[in-house]
There are 2 protein chains.
Amino acid sequence: MFQNQDTASLLKALGHPVRLQIARELISGEKCVGEVENMLSISQANTSQHLSILKINGIVDCVRKGNIKCYFLKEPGKIKRLLAVLEKAIQEKG
Amino acid sequence: MFQNQDTASLLKALGHPVRLQIARELISGEKCVGEVENMLSISQANTSQHLSILKINGIVDCVRKGNIKCYFLKEPGKIKRLLAVLEKAIQEKG
DNA sequence: TATTTATATAACAATATCATTATATCCTTA
DNA sequence: TAAGGATATAATGATATTGTTATATAAATA
């Protein structure tokens with residue numbers, strides 16, 4: 001059972017509609033907290049909390065730029081591939 | 001984008017170490033409840049509950065064979081691809 | 001230095017998930 | 001049709017997750 005717990009944690013982190021959507025939005029490039037907040041129409045606090053979970057699980061990282069903080073996918077290629085596989089699976093299911 | 005909820009549900013279903021391990025074991029072929037139970041060393045009831053969650057989320061299906069019930073991956077190719085992508089992502093992370 | 005803007009954290013109530021125990025159901029066979 | 005094996009379900013308590021509200025921190029600027 002190699003890295004089973006790590007893999008499960010990664011899946012779990014992405015297994016929430018808000019966090020999955022954030023990951024999707026970040027494919028097109030880094031976004032600051034306020035942008036994510038507006039795109040998903042959720043509260044500032046909740047946005048920050050979900051971003052924190054994504055960061056803890058190694059999915060995103062962030063960099064401060066003066067007053068704001070920009071979040072970005074740590075490994076965009078991998079996330080892109082993962083989402084592509086998933087989309088295909090889901091589409092063919094319906 | 002509207003498959004977002006479905007995709008998140010799929011990820012969530014696989015985002016538990018026991019269920020992820022079950023999915024992995026089923027790659028090599030169908031297994032009955034008792035076999036899964038023994039392989040993972042968890043209780044019968046818990047095994048059944050996790051299998052039920054996997055089934056509800058369209059990841060596995062089952063067929064009764066007399067006294068026993070065999071569970072199998074509904075779309076082995078897709079699960080295999082998904083896990084392959086994940087494994088690669090995890091391995092390169094460490 | 002005081003104010004403003006952007007983000008993070010704490011506290012909390014509501015709900016969900018989890019594993020366990022006990023019991024029920026389904027199928028086979030005697 | 002009764003008994004036994006295999007699986008499912010119900011009930012439950014413990015823990016985790018979620019979103020909200022309120023507050024704190026950090027950086028820019030007045």
# chains A, B, ... in the order shown; residues from 1 in each chain; ligands from 1
>>> residues_around(residues="C:DT28", least_positions_apart="2", cutoff="10 Å", atoms="only C-alpha atoms (C1' of nucleotides)", output="number ranges by chain")
B: 66-67; C: 26, 30; D: 4-5
>>> closest_atom_pairs(of="chain B", to="chain A", cutoff="10 Å", atoms="only C-alpha atoms", output="Markdown table")
| residue | atom | partner | partner_atom | distance |
| --- | --- | --- | --- | --- |
| B:Met1 | CA | A:Gln21 | CA | 7.9 |
| B:Gln3 | CA | A:Ile90 | CA | 7.3 |
| B:Asn4 | CA | A:Pro17 | CA | 6.1 |
| B:Gln5 | CA | A:Pro17 | CA | 5.5 |
| B:Asp6 | CA | A:Ile90 | CA | 7.3 |
| B:Thr7 | CA | A:Ile90 | CA | 6.7 |
| B:Ala8 | CA | A:Gly15 | CA | 4.3 |
| B:Ser9 | CA | A:Gly15 | CA | 6.1 |
| B:Leu10 | CA | A:Gly15 | CA | 7.2 |
| B:Leu11 | CA | A:Gly15 | CA | 4.6 |
| B:Lys12 | CA | A:Gly15 | CA | 4.2 |
| B:Ala13 | CA | A:Gly15 | CA | 7.8 |
| B:Leu14 | CA | A:Leu11 | CA | 6.6 |
| B:Gly15 | CA | A:Lys12 | CA | 4.2 |
| B:His16 | CA | A:Ala8 | CA | 5.3 |
| B:Pro17 | CA | A:Ala8 | CA | 5.4 |
| B:Val18 | CA | A:Asn4 | CA | 8.8 |
| B:Arg19 | CA | A:Ala8 | CA | 8.7 |
| B:Leu20 | CA | A:Ala8 | CA | 6.6 |
| B:Gln21 | CA | A:Asn4 | CA | 7.1 |
| B:Arg24 | CA | A:Met1 | CA | 9.5 |
| B:Gly58 | CA | A:Lys93 | CA | 8.5 |
| B:Glu75 | CA | A:Ala89 | CA | 8.5 |
| B:Gly77 | CA | A:Ala89 | CA | 9.6 |
| B:Lys78 | CA | A:Ala89 | CA | 6.3 |
| B:Ile79 | CA | A:Ala89 | CA | 8.5 |
| B:Arg81 | CA | A:Val85 | CA | 7.2 |
| B:Leu82 | CA | A:Val85 | CA | 6.2 |
| B:Leu83 | CA | A:Thr7 | CA | 8.9 |
| B:Ala84 | CA | A:Leu82 | CA | 9.5 |
| B:Val85 | CA | A:Leu82 | CA | 6.2 |
| B:Leu86 | CA | A:Thr7 | CA | 6.8 |
| B:Glu87 | CA | A:Thr7 | CA | 7.3 |
| B:Lys88 | CA | A:Lys78 | CA | 8.5 |
| B:Ala89 | CA | A:Lys78 | CA | 6.3 |
| B:Ile90 | CA | A:Thr7 | CA | 6.6 |
| B:Gln91 | CA | A:Gln3 | CA | 8.2 |
| B:Lys93 | CA | A:Gly58 | CA | 8.4 |
| B:Gly94 | CA | A:Gln3 | CA | 10.0 |
>>> select_by_dssp(residues="chain B", states="helix (DSSP H, G or I)", output="ChimeraX atom specification")
/B:4-14,17-27,33-40,44-56,76-93
>>> interface_residues(of="chain B", to="chain C", cutoff="10 Å", atoms="only C-alpha atoms (C1' of nucleotides)", output="list in words")
Ile42, Ser43, Ala45, Asn46, Arg64, Lys65, Gly66, Asn67 and Ile68 of chain B
>>> atom_distance(atom1="atom C1' of D:DA6", atom2="atom CA of B:Glu30")
16.3 Å
>>> select_by_dssp(residues="stretch 28-76 of chain B", states="strand (DSSP E or B)", output="list in words")
Lys31, Cys32, Val60, Asp61, Cys62, Val63, Arg64, Lys65, Ile68, Lys69, Cys70, Tyr71, Phe72 and Leu73 of chain B
>>> write_last_selection(atoms="C-alpha atoms", output="PDB file, in the first residue's frame")
ATOM      1  CA  LYS B  31     -13.786  -9.771  -5.662  1.00  0.00           C
ATOM      2  CA  CYS B  32     -16.544 -10.778  -3.294  1.00  0.00           C
ATOM      3  CA  VAL B  60     -18.168  -0.215  -8.936  1.00  0.00           C
ATOM      4  CA  ASP B  61     -21.065  -2.489  -9.656  1.00  0.00           C
ATOM      5  CA  CYS B  62     -21.862  -5.926  -8.386  1.00  0.00           C
ATOM      6  CA  VAL B  63     -23.401  -9.189  -9.381  1.00  0.00           C
ATOM      7  CA  ARG B  64     -24.812 -11.854  -7.173  1.00  0.00           C
ATOM      8  CA  LYS B  65     -23.369 -15.316  -7.662  1.00  0.00           C
ATOM      9  CA  ILE B  68     -21.984 -14.324  -2.562  1.00  0.00           C
ATOM     10  CA  LYS B  69     -21.824 -10.968  -4.231  1.00  0.00           C
ATOM     11  CA  CYS B  70     -18.993  -9.985  -6.520  1.00  0.00           C
ATOM     12  CA  TYR B  71     -17.926  -6.387  -6.895  1.00  0.00           C
ATOM     13  CA  PHE B  72     -16.028  -5.087  -9.891  1.00  0.00           C
ATOM     14  CA  LEU B  73     -14.918  -1.789 -11.384  1.00  0.00           C
TER      15      LEU B  73
END
>>> interface_residues(of="chain D", to="chain A", cutoff="8 Å", atoms="only C-alpha atoms (C1' of nucleotides)", output="list in words")
DG19, DA26, DA27 and DA28 of chain D
